[in-house]
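query30.txt follows; it contains compact mmCIF, C-alpha atoms and all ligand atoms.
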```txt
# COMPACT_ATOMS: atom_id res chain seq x y z
CA MET A 1 0.00 0.00 0.00
CA LYS A 2 2.67 2.38 1.11
CA ARG A 3 4.77 1.59 -1.91
CA ARG A 4 1.84 2.10 -4.30
CA LEU A 5 0.97 5.32 -2.66
CA PHE A 6 4.59 6.46 -2.86
CA ILE A 7 4.77 5.58 -6.56
CA THR A 8 1.50 7.30 -7.23
CA LEU A 9 2.68 10.36 -5.38
CA LEU A 10 6.03 10.26 -7.16
CA LEU A 11 4.30 9.89 -10.51
CA ALA A 12 1.94 12.72 -9.70
CA ALA A 13 4.89 14.83 -8.62
CA VAL A 14 6.81 14.10 -11.82
CA ILE A 15 3.79 14.86 -14.00
CA SER A 16 3.02 17.98 -12.07
CA CYS A 17 6.67 19.00 -12.19
CA THR A 18 6.94 18.44 -15.93
CA GLY A 19 3.68 20.26 -16.50
CA TYR A 20 4.82 23.08 -14.33
CA GLY A 21 8.13 23.15 -16.12
CA LYS A 22 6.38 23.28 -19.45
CA ASP A 23 4.30 26.12 -18.21
CA ILE A 24 7.36 27.99 -17.07
CA VAL A 25 9.17 27.33 -20.30
CA GLY A 26 6.06 28.18 -22.27
CA GLN A 27 5.57 31.36 -20.37
CA SER A 28 9.17 32.41 -20.56
CA ASP A 29 9.17 31.66 -24.27
CA VAL A 30 5.90 33.25 -25.13
CA LEU A 31 5.30 35.95 -22.61
CA PRO A 32 8.28 38.19 -23.31
CA SER A 33 7.68 38.28 -27.05
CA ALA A 34 3.95 38.72 -26.56
CA SER A 35 4.43 41.50 -24.07
CA THR A 36 7.09 43.08 -26.26
CA ALA A 37 4.69 43.03 -29.18
CA LYS A 38 2.03 44.45 -26.92
CA ILE A 39 4.32 47.19 -25.69
CA THR A 40 5.49 47.99 -29.21
CA SER A 41 1.99 48.32 -30.53
CA GLY A 42 1.09 50.18 -27.38
CA THR A 43 3.95 52.58 -27.92
CA ALA A 44 2.93 53.14 -31.52
CA LYS A 45 -0.56 53.79 -30.33
CA VAL A 46 0.69 56.13 -27.67
CA GLN A 47 2.76 58.03 -30.19
CA SER A 48 -0.10 58.34 -32.61
CA GLU A 49 -2.40 59.45 -29.87
CA THR A 50 -0.05 61.84 -28.17
CA THR A 51 -0.83 64.58 -30.66
CA SER A 52 -4.56 64.33 -30.27
CA THR A 53 -4.27 63.96 -26.52
CA THR A 54 -2.14 67.09 -26.37
CA LYS A 55 -4.64 68.90 -28.57
CA ALA A 56 -7.50 67.75 -26.39
CA ALA A 57 -5.56 68.68 -23.29
CA ALA A 58 -4.83 72.12 -24.71
CA SER A 59 -8.43 72.62 -25.66
CA ALA A 60 -9.56 71.33 -22.31
CA THR A 61 -7.14 73.69 -20.62
CA THR A 62 -8.48 76.59 -22.62
CA SER A 63 -12.01 75.58 -21.76
CA ALA A 64 -11.00 75.19 -18.17
CA ALA A 65 -9.49 78.65 -18.26
CA ASN A 66 -12.70 80.01 -19.72
CA ILE A 67 -14.83 78.20 -17.23
CA GLU A 68 -12.57 79.33 -14.42
CA THR A 69 -12.87 82.91 -15.61
CA THR A 70 -16.62 82.50 -15.86
CA ALA A 71 -16.71 81.24 -12.32
CA THR A 72 -14.67 84.22 -11.18
CA THR A 73 -16.88 86.62 -13.07
CA THR A 74 -19.98 84.98 -11.69
CA ALA A 75 -18.57 85.21 -8.20
CA GLU A 76 -17.68 88.85 -8.72
CA THR A 77 -20.97 89.81 -10.29
CA PRO A 78 -23.59 87.44 -8.95
CA THR A 79 -26.40 89.53 -10.44
CA GLN A 80 -25.11 89.09 -14.00
CA ALA A 81 -27.80 86.89 -15.46
CA PRO A 82 -26.26 86.84 -18.97
CA THR A 83 -23.06 85.38 -17.56
CA ALA A 84 -24.88 82.42 -16.11
CA ALA A 85 -26.76 81.91 -19.36
CA GLN A 86 -23.57 82.10 -21.34
CA SER A 87 -21.72 79.62 -19.18
CA ASN A 88 -24.38 77.13 -20.22
CA GLU A 89 -23.62 78.02 -23.79
CA ALA A 90 -19.91 77.49 -23.23
CA ALA A 91 -20.51 74.14 -21.56
CA PRO A 92 -20.92 72.01 -24.72
CA ALA A 93 -17.46 72.96 -25.99
CA GLY A 94 -15.81 72.27 -22.65
CA GLY A 95 -17.94 69.20 -22.08
CA GLY A 96 -17.01 67.83 -25.49
CA ALA A 97 -13.32 68.05 -24.80
CA ALA A 98 -13.76 66.65 -21.32
CA ALA A 99 -15.79 63.70 -22.58
CA GLN A 100 -13.16 62.97 -25.20
CA GLN A 101 -10.28 62.87 -22.79
CA PRO A 102 -11.39 60.23 -20.27
CA ALA A 103 -12.02 57.81 -23.17
CA GLN A 104 -8.42 58.16 -24.27
CA GLN A 105 -7.17 57.87 -20.74
CA GLN A 106 -9.05 54.59 -20.38
CA GLU A 107 -7.22 53.19 -23.40
CA GLN A 108 -3.84 54.39 -22.17
CA PRO A 109 -4.21 54.94 -18.46
CA GLN A 110 -0.47 55.40 -18.04
CA GLN A 111 -0.61 58.28 -20.52
CA SER A 112 -2.43 60.66 -18.20
CA ALA A 113 0.18 63.33 -18.84
CA PRO A 114 -0.11 66.43 -16.69
CA ALA A 115 -2.09 69.20 -18.39
CA PRO A 116 0.19 71.86 -19.86
CA SER A 117 0.38 74.85 -17.60
CA TYR A 118 -1.72 77.78 -18.76
CA THR A 119 0.20 80.99 -19.16
CA PRO A 120 -2.06 83.99 -19.71
CA SER A 121 -0.65 86.38 -22.24
CA ASN A 122 -1.22 90.08 -22.04
CA THR A 123 0.35 90.76 -25.39
CA THR A 124 -2.21 89.07 -27.61
CA ALA A 125 -5.84 90.10 -27.63
CA PRO A 126 -8.30 87.43 -28.66
CA SER A 127 -9.71 88.48 -31.99
CA PRO A 128 -13.05 87.61 -33.58
CA ASN A 129 -11.26 85.10 -35.82
CA ASP A 130 -9.74 83.10 -32.98
CA SER A 131 -11.19 79.62 -32.73
CA ASN A 132 -12.04 80.18 -29.08
CA TYR A 133 -13.81 83.43 -29.78
CA GLY A 134 -17.32 82.01 -30.09
CA ALA A 135 -17.25 80.17 -26.80
CA ALA A 136 -16.47 83.31 -24.83
CA PRO A 137 -18.90 84.00 -22.03
CA THR A 138 -21.14 87.06 -22.35
CA VAL A 139 -19.07 89.09 -19.93
CA TYR A 140 -15.73 88.03 -18.63
CA ASN A 141 -12.44 89.45 -17.57
CA TYR A 142 -9.15 88.37 -19.05
CA ASP A 143 -5.88 89.80 -17.84
CA GLY A 144 -7.68 92.85 -16.45
CA MET A 145 -9.70 93.49 -19.60
CA THR A 146 -13.42 93.18 -20.18
CA TYR A 147 -14.96 91.30 -23.08
CA ILE A 148 -18.65 91.32 -23.87
CA GLN A 149 -19.76 88.68 -26.34
CA GLY A 150 -16.16 88.46 -27.42
CA VAL A 151 -15.78 92.19 -27.97
CA LEU A 152 -12.97 93.83 -26.03
CA ILE A 153 -14.43 96.89 -24.36
CA ALA A 154 -12.45 100.10 -23.97
CA ASN A 155 -14.34 103.20 -22.94
CA LYS A 156 -14.46 105.54 -19.95
CA SER A 157 -15.88 102.80 -17.74
CA TYR A 158 -13.72 99.91 -18.95
CA SER A 159 -9.98 100.42 -19.04
CA LEU A 160 -7.02 98.45 -20.34
CA PRO A 161 -3.85 97.57 -18.43
CA ALA A 162 -0.90 99.83 -19.20
CA GLY A 163 1.10 96.80 -20.32
CA PHE A 164 -1.47 95.69 -22.86
CA ALA A 165 0.29 96.49 -26.13
CA PRO A 166 -1.02 94.25 -28.92
CA GLY A 167 -0.25 96.53 -31.86
CA LEU A 168 -2.76 96.94 -34.66
CA ASP A 169 -4.72 93.73 -35.12
CA GLN A 170 -3.85 92.08 -38.43
CA THR A 171 -7.41 91.06 -39.22
CA CYS A 172 -8.58 94.57 -38.49
CA LEU A 173 -5.95 95.94 -40.86
CA ASN A 174 -6.77 93.42 -43.60
CA GLN A 175 -10.44 94.28 -43.32
CA PHE A 176 -9.58 97.95 -43.48
CA TYR A 177 -7.73 97.35 -46.75
CA LYS A 178 -10.86 95.69 -48.15
CA LEU A 179 -12.92 98.66 -47.03
CA GLN A 180 -10.40 101.01 -48.58
CA ASN A 181 -10.50 99.14 -51.91
CA ALA A 182 -14.28 99.13 -51.98
CA ALA A 183 -14.34 102.87 -51.32
CA SER A 184 -11.77 103.54 -54.01
CA GLN A 185 -13.99 101.71 -56.50
CA GLN A 186 -16.56 104.40 -55.73
CA GLY A 187 -13.94 107.05 -56.41
CA LEU A 188 -13.46 107.71 -52.70
CA ASN A 189 -10.17 108.08 -50.94
CA ILE A 190 -10.04 106.68 -47.42
CA TRP A 191 -6.73 106.31 -45.68
CA LEU A 192 -5.51 105.19 -42.28
CA SER A 193 -4.49 108.16 -40.16
CA SER A 194 -4.16 106.61 -36.71
CA GLY A 195 -4.38 102.96 -35.75
CA TYR A 196 -2.83 101.39 -32.70
CA ARG A 197 -1.72 103.73 -29.94
CA SER A 198 0.21 102.51 -26.89
CA TYR A 199 -0.66 103.50 -23.34
CA ASP A 200 2.35 105.84 -23.18
CA TYR A 201 1.62 107.47 -26.51
CA GLN A 202 -2.00 108.04 -25.49
CA ALA A 203 -0.73 109.63 -22.26
CA GLN A 204 1.34 112.09 -24.31
CA ILE A 205 -1.57 112.95 -26.60
CA TYR A 206 -4.03 113.34 -23.76
CA ASN A 207 -1.69 115.45 -21.63
CA ASN A 208 -1.05 117.76 -24.58
CA TYR A 209 -4.80 118.27 -25.06
CA VAL A 210 -5.28 118.86 -21.33
CA ALA A 211 -2.50 121.46 -21.39
CA ARG A 212 -4.09 123.14 -24.40
CA ASP A 213 -7.84 122.96 -23.63
CA GLY A 214 -8.12 121.87 -20.01
CA GLN A 215 -9.15 118.46 -18.74
CA ALA A 216 -12.94 118.87 -19.02
CA ALA A 217 -12.72 119.76 -22.70
CA ALA A 218 -10.02 117.19 -23.43
CA ASP A 219 -12.16 114.44 -21.91
CA THR A 220 -14.88 115.04 -24.53
CA TYR A 221 -12.64 114.09 -27.43
CA SER A 222 -9.52 112.40 -26.09
CA ALA A 223 -9.24 109.31 -23.92
CA ARG A 224 -7.14 109.17 -20.80
CA PRO A 225 -4.30 106.66 -21.03
CA GLY A 226 -5.63 103.14 -20.50
CA TYR A 227 -9.12 104.12 -21.72
CA SER A 228 -8.45 104.61 -25.42
CA GLU A 229 -9.99 102.23 -27.90
CA HIS A 230 -6.87 102.71 -30.00
CA GLN A 231 -4.91 100.74 -27.39
CA THR A 232 -6.99 97.66 -28.27
CA GLY A 233 -5.41 97.57 -31.73
CA LEU A 234 -8.93 97.34 -33.13
CA ALA A 235 -9.72 101.01 -33.79
CA ILE A 236 -8.77 103.18 -36.74
CA ASP A 237 -9.06 106.91 -37.39
CA VAL A 238 -9.31 107.72 -41.07
CA ASN A 239 -8.51 110.82 -43.10
CA GLN A 240 -8.66 114.17 -41.34
CA ILE A 241 -9.08 113.52 -37.63
CA ASP A 242 -11.29 116.55 -37.06
CA ASP A 243 -14.72 117.95 -37.84
CA SER A 244 -13.69 118.88 -41.39
CA PHE A 245 -14.22 115.21 -42.27
CA ILE A 246 -17.91 115.38 -41.27
CA GLY A 247 -20.27 115.24 -44.25
CA THR A 248 -17.61 114.45 -46.84
CA PRO A 249 -18.53 111.71 -49.35
CA GLU A 250 -15.94 109.54 -47.62
CA ALA A 251 -17.53 110.08 -44.20
CA VAL A 252 -21.02 109.35 -45.55
CA TRP A 253 -19.82 106.20 -47.31
CA LEU A 254 -17.91 105.08 -44.20
CA GLU A 255 -20.99 105.45 -41.99
CA ASN A 256 -23.15 103.45 -44.42
CA HIS A 257 -20.70 100.73 -45.42
CA CYS A 258 -18.05 100.15 -42.76
CA HIS A 259 -20.16 97.40 -41.14
CA GLU A 260 -19.82 95.36 -44.33
CA TYR A 261 -16.16 94.96 -43.44
CA GLY A 262 -16.64 94.31 -39.71
CA PHE A 263 -16.39 97.89 -38.47
CA ILE A 264 -18.80 100.16 -36.68
CA LEU A 265 -18.79 103.93 -36.46
CA ARG A 266 -17.98 104.09 -32.79
CA TYR A 267 -19.01 107.59 -31.76
CA PRO A 268 -22.07 108.60 -33.77
CA GLN A 269 -23.69 112.01 -33.77
CA GLY A 270 -25.87 112.92 -30.78
CA LYS A 271 -24.67 110.03 -28.60
CA GLN A 272 -22.09 111.83 -26.51
CA ASP A 273 -23.93 111.15 -23.25
CA ILE A 274 -23.86 107.43 -24.03
CA THR A 275 -20.46 106.85 -25.61
CA GLY A 276 -18.68 109.51 -23.58
CA TYR A 277 -17.30 111.16 -26.72
CA LYS A 278 -18.48 113.75 -29.16
CA TYR A 279 -19.29 112.78 -32.74
CA GLU A 280 -16.24 111.30 -34.44
CA SER A 281 -17.03 110.67 -38.09
CA TRP A 282 -13.51 109.32 -38.61
CA HIS A 283 -13.24 106.73 -35.83
CA ILE A 284 -14.19 103.14 -36.68
CA ARG A 285 -13.88 100.09 -34.51
CA TYR A 286 -13.37 96.52 -35.73
CA VAL A 287 -15.77 94.02 -34.10
CA GLY A 288 -16.06 91.38 -36.83
CA THR A 289 -18.89 91.16 -39.35
CA ASP A 290 -21.30 89.15 -37.19
CA MET A 291 -21.25 91.87 -34.59
CA SER A 292 -20.91 94.84 -36.94
CA TYR A 293 -24.05 93.89 -38.88
CA ALA A 294 -25.98 93.28 -35.66
CA ILE A 295 -24.94 96.59 -34.16
CA HIS A 296 -25.40 98.53 -37.39
CA ASN A 297 -28.86 97.06 -37.95
CA SER A 298 -29.85 97.82 -34.36
CA GLY A 299 -29.10 101.51 -34.88
CA LEU A 300 -27.50 101.50 -31.43
CA THR A 301 -24.11 102.50 -30.17
CA LEU A 302 -21.81 99.79 -28.80
CA GLU A 303 -22.70 100.94 -25.26
CA GLU A 304 -26.44 100.74 -25.89
CA TYR A 305 -26.15 97.42 -27.68
CA PHE A 306 -24.34 95.84 -24.72
CA GLY A 307 -26.17 97.84 -22.06
CA ILE A 308 -23.05 99.39 -20.57
CA ASP A 309 -22.09 102.93 -19.63
CA SER A 310 -19.07 105.06 -20.37
CA TYR A 311 -17.93 107.57 -17.81
CA TYR A 312 -14.92 107.96 -15.55
CA HIS A 313 -15.84 106.46 -12.19
ZN ZN B 401 -10.00 107.45 -32.81
```

How does this structure look as structure tokens?
Ligand SMILES: [Zn+2]
Amino acid sequence: MKRRLFITLLLAAVISCTGYGKDIVGQSDVLPSASTAKITSGTAKVQSETTSTTKAAASATTSAANIETTATTTAETPTQAPTAAQSNEAAPAGGGAAAQQPAQQQEQPQQSAPAPSYTPSNTTAPSPNDSNYGAAPTVYNYDGMTYIQGVLIANKSYSLPAGFAPGLDQTCLNQFYKLQNAASQQGLNIWLSSGYRSYDYQAQIYNNYVARDGQAAADTYSARPGYSEHQTGLAIDVNQIDDSFIGTPEAVWLENHCHEYGFILRYPQGKQDITGYKYESWHIRYVGTDMSYAIHNSGLTLEEYFGIDSYYH
């Protein structure tokens, strides 16, 4: 009995040992190559996905920045109903990017790279042609500036930081050239007299006017530094920058057609109490064609259209 049991056990041990050995050999033969293949294909996949992941991360970061700003704005101005409404509008874009990312992370959980750090820039103003432009909340602050429906506001109530120096916006300039060409086809001569003006340059201009006419008078036609629309890089003065331009064929054409190129006549006649400035037939502001048509067709000033004021607080 004992002997049979021993043999049986020995046999079982040998079989089990051989089987085990086979398994080990099998595993050591197969596993490394299989896992190598897996890793290789995984790496290829990772590489091919890195670009889209980075894009998604960047877009998510931007959305996050927007949402964060919205939250800040909401916190600062809890009575702003449009802000709350707009954050709903912004949600699909942010939500889309967010929904996309977890799916990718599930495929490559080890690829949850840290989101690139967001560095706000105060040298580049978002323009109506930026891809993120449409998702902008109704009212939000960005680097100390105020945007309403994507339009950077600069008037007596809404200032710009001294360091904000974007230069003349290229889209604005290109659109001005189109406007200029269209006018010239009507035999009209419209030229750019003053475009972008830095904070310091505006300070010089304003101080000269104050010295000449006194501050009260200067404030009716010249902006204090940090309050000039010319510092946005989105405003242009054409031709003679004085009342002699009023009523010229160029001025009449400009008033009736500048919106076709994305501009609005910023300081119309009889609106001084609203815009804060006397009639300036020569000053146009680029807002993009969606907005310029809407504002032009409304017959309102920018202030009235957005429901904001313009006076030094
Ligand atoms: Zn101007």

Find the nearest atom pair between each residue of chain A and ligand ZN 401 (chain B) for residues within 8 Å, count all atoms listed in the file, give distances in Å to one decimal, sort rows by chain and ascending number, and present the table as JSON lines.
```
{"residue": "A:Ser194", "atom": "CA", "partner": "B:ZN401", "partner_atom": "ZN", "distance": 7.1}
{"residue": "A:Gly195", "atom": "CA", "partner": "B:ZN401", "partner_atom": "ZN", "distance": 7.8}
{"residue": "A:Glu229", "atom": "CA", "partner": "B:ZN401", "partner_atom": "ZN", "distance": 7.2}
{"residue": "A:His230", "atom": "CA", "partner": "B:ZN401", "partner_atom": "ZN", "distance": 6.3}
{"residue": "A:Ala235", "atom": "CA", "partner": "B:ZN401", "partner_atom": "ZN", "distance": 6.5}
{"residue": "A:Ile236", "atom": "CA", "partner": "B:ZN401", "partner_atom": "ZN", "distance": 5.9}
{"residue": "A:Asp237", "atom": "CA", "partner": "B:ZN401", "partner_atom": "ZN", "distance": 4.7}
{"residue": "A:Ile241", "atom": "CA", "partner": "B:ZN401", "partner_atom": "ZN", "distance": 7.8}
{"residue": "A:Glu280", "atom": "CA", "partner": "B:ZN401", "partner_atom": "ZN", "distance": 7.5}
{"residue": "A:Trp282", "atom": "CA", "partner": "B:ZN401", "partner_atom": "ZN", "distance": 7.0}
{"residue": "A:His283", "atom": "CA", "partner": "B:ZN401", "partner_atom": "ZN", "distance": 4.5}
{"residue": "A:Ile284", "atom": "CA", "partner": "B:ZN401", "partner_atom": "ZN", "distance": 7.1}
```

* Quick one: distance from atom CA of A:Tyr140 to atom CA of A:Ser157 in Å, one decimal? ->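 Going from atom CA of A:Tyr140 over to atom CA of A:Ser157 covers 14.8 Å.
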
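The gap separating atom CA of A:Pro225 from atom CA of A:Asp200 is 7.0 Å, in Å to one decimal.
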
Residues of stretch 146-251 of chain A at most 10 Å from stretch 256-266 of chain A: nearest atom pair and distance in Å, all atoms listed in the file, as CSV:
```
residue,atom,partner,partner_atom,distance
A:Thr171,CA,A:Gly262,CA,9.8
A:Cys172,CA,A:Gly262,CA,8.2
A:Asn174,CA,A:Tyr261,CA,9.5
A:Gln175,CA,A:Tyr261,CA,5.8
A:Phe176,CA,A:Tyr261,CA,7.2
A:Tyr177,CA,A:Tyr261,CA,9.4
A:Lys178,CA,A:Tyr261,CA,7.1
A:Leu179,CA,A:Tyr261,CA,6.1
A:Gln180,CA,A:Cys258,CA,9.7
A:Ala182,CA,A:His257,CA,9.3
A:Ala183,CA,A:His257,CA,8.9
A:Glu229,CA,A:Arg266,CA,9.6
A:Leu234,CA,A:Phe263,CA,9.2
A:Ala235,CA,A:Phe263,CA,8.7
A:Ile236,CA,A:Phe263,CA,9.4
A:Glu250,CA,A:Asn256,CA,10.0
A:Ala251,CA,A:Asn256,CA,8.7
```

* Given the choices A:Thr138, A:Tyr201, A:Gly288, A:Trp191, which gets closest to A:Val238 if the distance is worked out from all atoms listed in the file? -> A:Trp191

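Comparing the minimum interatomic distances between A:Ser292 and each of A:Ile205, A:Ala223, A:Val151, A:Ile308, counting all atoms listed in the file, we find that A:Val151 sits nearest.
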
* **Between atom CA of A:Gly167 and atom CA of A:Tyr267 - distance in Å to one decimal** =>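 Atom CA of A:Gly167 lies 21.8 Å from atom CA of A:Tyr267.
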
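The nearest approach to A:Phe245 among the residues A:Thr220, A:Asn189, A:Asn181, A:Gln202, with only C-alpha atoms taken into account, belongs to A:Asn189.
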
* Pick out the closest residue to A:Asn239 from this set: A:Ser222, A:Ser193, A:Ser198, A:Asn208. Count all atoms listed in the file. =>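 Of all the options, A:Ser193 lies closest to A:Asn239.
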
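Closest approach to A:Val210 from the set A:Asp242, A:Leu302, A:Arg224, A:Gln272 is made by A:Arg224, with distances taken over all atoms listed in the file.
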
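If you measure from each of A:Leu152, A:Glu303, A:Gly144, A:Ser159 to A:Ser228 using all atoms listed in the file, the closest one turns out to be A:Ser159.
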
Do you know which residues lie at most 7 Å from (-6.4, 99.7, -21.9), with coordinates as in the file and all atoms listed in the file counted, and could you write them as a compact mmCIF listing (two decimals) with C-alpha atoms, in the frame of the given file?
```txt
# COMPACT_ATOMS: atom_id res chain seq x y z
CA ALA A 154 -12.45 100.10 -23.97
CA SER A 159 -9.98 100.42 -19.04
CA LEU A 160 -7.02 98.45 -20.34
CA PRO A 161 -3.85 97.57 -18.43
CA ALA A 162 -0.90 99.83 -19.20
CA PHE A 164 -1.47 95.69 -22.86
CA GLY A 226 -5.63 103.14 -20.50
CA TYR A 227 -9.12 104.12 -21.72
CA SER A 228 -8.45 104.61 -25.42
CA GLN A 231 -4.91 100.74 -27.39
CA THR A 232 -6.99 97.66 -28.27
```
